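Below: the structure, in structure tokens.
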Amino acid sequence: MAVVLALLAALAWALMAPARAETASQAPSLRIEGSIAAAGADNHIDLSLDTLQQLAHHEIATSTAVTDGVLVFEGVLMRAVMDHVGAHGDTVTARALNGYEIDIPLRDFTDFDVLLAWSVNGKRLMPDDKGPFWIVYPRDQHEVLQDIRYDYRWVWQLDSLQVK
């Protein structure tokens, strides 16, 4: 009986292999929905990593509330992403793969150089370690950003934004 169960498990694993490989090879994308000019008929747009990387790159060297030392984040400014999709509203609800969700005032993106990061210290962010995207504030450059209210807005494992 144990041999039969082992064979069935191996067969199931083998049948799932193409799906696992396809998922692993897919480039990440960020879904943006709500009050945006770029929304299609289904009221959202999915921005691929390639599309995001065509926007002007920026780096932020800063500490975080959840890591040690200063890290160098690379990505694109959130205000550039919002401009790219024609966002109009007052708030963005950021949602993460792990279910975390928070409202962020759109003015944060104009008041500060908030980054949509895809790498840290030259290493691509992956879903098992704060990726595919991470909203990063330049907390070391502005004392006000060292307040816990802003720490909650650092959304890692970011996968969607809803503009309201």
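Here's how to read the names in the structure tokens: chain A, B, ... by the order shown, residue numbers from 1 in each chain, ligand numbers from 1 in the order shown.
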Which of range 76-137 of chain A DSSP labels strand (DSSP E or B), written as a PyMOL selection string = chain A and resi 76-77+87+91-96+101-105+115-120+123-124+133-136
Take the residues from that selection and write them out as an mmCIF file, in the first residue's frame, keeping C-alpha atoms.
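Saved the output as out_6.cif:
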data_model
loop_
_atom_site.group_PDB
_atom_site.id
_atom_site.type_symbol
_atom_site.label_atom_id
_atom_site.label_comp_id
_atom_site.auth_asym_id
_atom_site.auth_seq_id
_atom_site.Cartn_x
_atom_site.Cartn_y
_atom_site.Cartn_z
ATOM 1 C CA VAL A 76 10.600 53.422 -9.984
ATOM 2 C CA LEU A 77 9.014 56.333 -8.164
ATOM 3 C CA ALA A 87 -4.382 57.855 -11.554
ATOM 4 C CA THR A 91 -6.018 57.231 -1.807
ATOM 5 C CA VAL A 92 -4.366 54.047 -2.979
ATOM 6 C CA THR A 93 -5.187 50.737 -1.319
ATOM 7 C CA ALA A 94 -2.066 48.595 -1.470
ATOM 8 C CA ARG A 95 -2.579 44.825 -1.299
ATOM 9 C CA ALA A 96 0.051 42.181 -0.664
ATOM 10 C CA GLU A 101 -3.872 45.737 2.918
ATOM 11 C CA ILE A 102 -3.537 49.421 3.769
ATOM 12 C CA ASP A 103 -4.720 52.769 2.447
ATOM 13 C CA ILE A 104 -1.974 55.194 1.450
ATOM 14 C CA PRO A 105 -2.685 58.862 0.693
ATOM 15 C CA LEU A 115 9.749 53.902 -4.490
ATOM 16 C CA LEU A 116 8.118 50.857 -6.042
ATOM 17 C CA ALA A 117 11.155 48.619 -5.532
ATOM 18 C CA TRP A 118 11.927 45.435 -7.440
ATOM 19 C CA SER A 119 15.406 44.830 -6.027
ATOM 20 C CA VAL A 120 17.398 45.364 -2.865
ATOM 21 C CA LYS A 123 19.175 41.286 -5.808
ATOM 22 C CA ARG A 124 15.729 40.830 -7.367
ATOM 23 C CA PHE A 133 7.480 44.513 -5.294
ATOM 24 C CA TRP A 134 7.985 46.544 -2.129
ATOM 25 C CA ILE A 135 6.749 50.086 -1.432
ATOM 26 C CA VAL A 136 9.753 51.866 0.100
#
Per residue of range 80-148 of chain A within 8 Å of range 41-62 of chain A, which atom pair is closest and at what distance in Å (one decimal), using only C-alpha atoms, listed by chain and increasing number, as a tab-separated table?
residue	atom	partner	partner_atom	distance
A:Ala80	CA	A:Leu55	CA	7.5
A:Val81	CA	A:Leu52	CA	7.7
A:Leu115	CA	A:Ile60	CA	7.6
A:Pro138	CA	A:Thr62	CA	6.0
A:Arg139	CA	A:Thr62	CA	6.4
A:Asp140	CA	A:Thr62	CA	5.4
A:Gln141	CA	A:Thr62	CA	7.8
Write out the residues from the selection above, keeping N, CA and C atoms, as a compact mmCIF listing (two decimals), in the first residue's frame.
# COMPACT_ATOMS: atom_id res chain seq x y z
N ALA A 80 5.60 58.27 -10.55
CA ALA A 80 5.75 57.98 -11.98
C ALA A 80 4.79 56.87 -12.40
N VAL A 81 4.61 55.89 -11.55
CA VAL A 81 3.66 54.80 -11.84
C VAL A 81 2.25 55.37 -11.90
N LEU A 115 9.29 54.78 -3.42
CA LEU A 115 9.75 53.90 -4.49
C LEU A 115 8.91 52.63 -4.57
N PRO A 138 11.70 56.89 1.73
CA PRO A 138 13.06 57.34 2.04
C PRO A 138 13.14 57.81 3.50
N ARG A 139 12.97 56.88 4.43
CA ARG A 139 12.82 57.22 5.85
C ARG A 139 14.05 57.88 6.45
N ASP A 140 15.23 57.58 5.96
CA ASP A 140 16.43 58.19 6.53
C ASP A 140 16.61 59.64 6.09
N GLN A 141 15.95 60.02 5.02
CA GLN A 141 16.08 61.37 4.48
C GLN A 141 15.07 62.35 5.09
Would you mind listing what lies within 9 Å of Ala37 in chain A as a list of chain:residue names, with only C-alpha atoms counted and same-chain residues fewer than 4 positions away left out?
-> A:Val85, A:Gly86, A:Ala87, A:His88
Might you pull out every residue within 10 Å of Asn121 in chain A, with only C-alpha atoms counted and same-chain residues fewer than 4 positions away left off, and present them as a PyMOL selection string?
-> chain A and resi 59+61+70-74+125
Now that the selection is made, can you save its residues with N, CA and C atoms as a compact mmCIF listing (two decimals), in the first residue's frame?
# COMPACT_ATOMS: atom_id res chain seq x y z
N GLU A 59 17.10 54.93 -7.15
CA GLU A 59 17.61 54.16 -6.02
C GLU A 59 17.40 54.95 -4.74
N ALA A 61 18.78 54.64 -0.73
CA ALA A 61 19.56 53.98 0.31
C ALA A 61 18.95 54.41 1.64
N VAL A 70 21.52 49.81 6.49
CA VAL A 70 21.01 50.56 5.34
C VAL A 70 21.03 49.65 4.12
N LEU A 71 19.92 49.64 3.40
CA LEU A 71 19.79 48.84 2.19
C LEU A 71 19.63 49.78 1.00
N VAL A 72 20.02 49.30 -0.17
CA VAL A 72 19.86 50.08 -1.40
C VAL A 72 18.75 49.42 -2.21
N PHE A 73 17.66 50.16 -2.39
CA PHE A 73 16.50 49.69 -3.13
C PHE A 73 16.51 50.30 -4.52
N GLU A 74 16.16 49.50 -5.53
CA GLU A 74 16.06 49.99 -6.90
C GLU A 74 14.64 49.77 -7.39
N LEU A 125 13.84 41.13 -5.86
CA LEU A 125 12.91 40.74 -4.80
C LEU A 125 12.03 39.59 -5.29
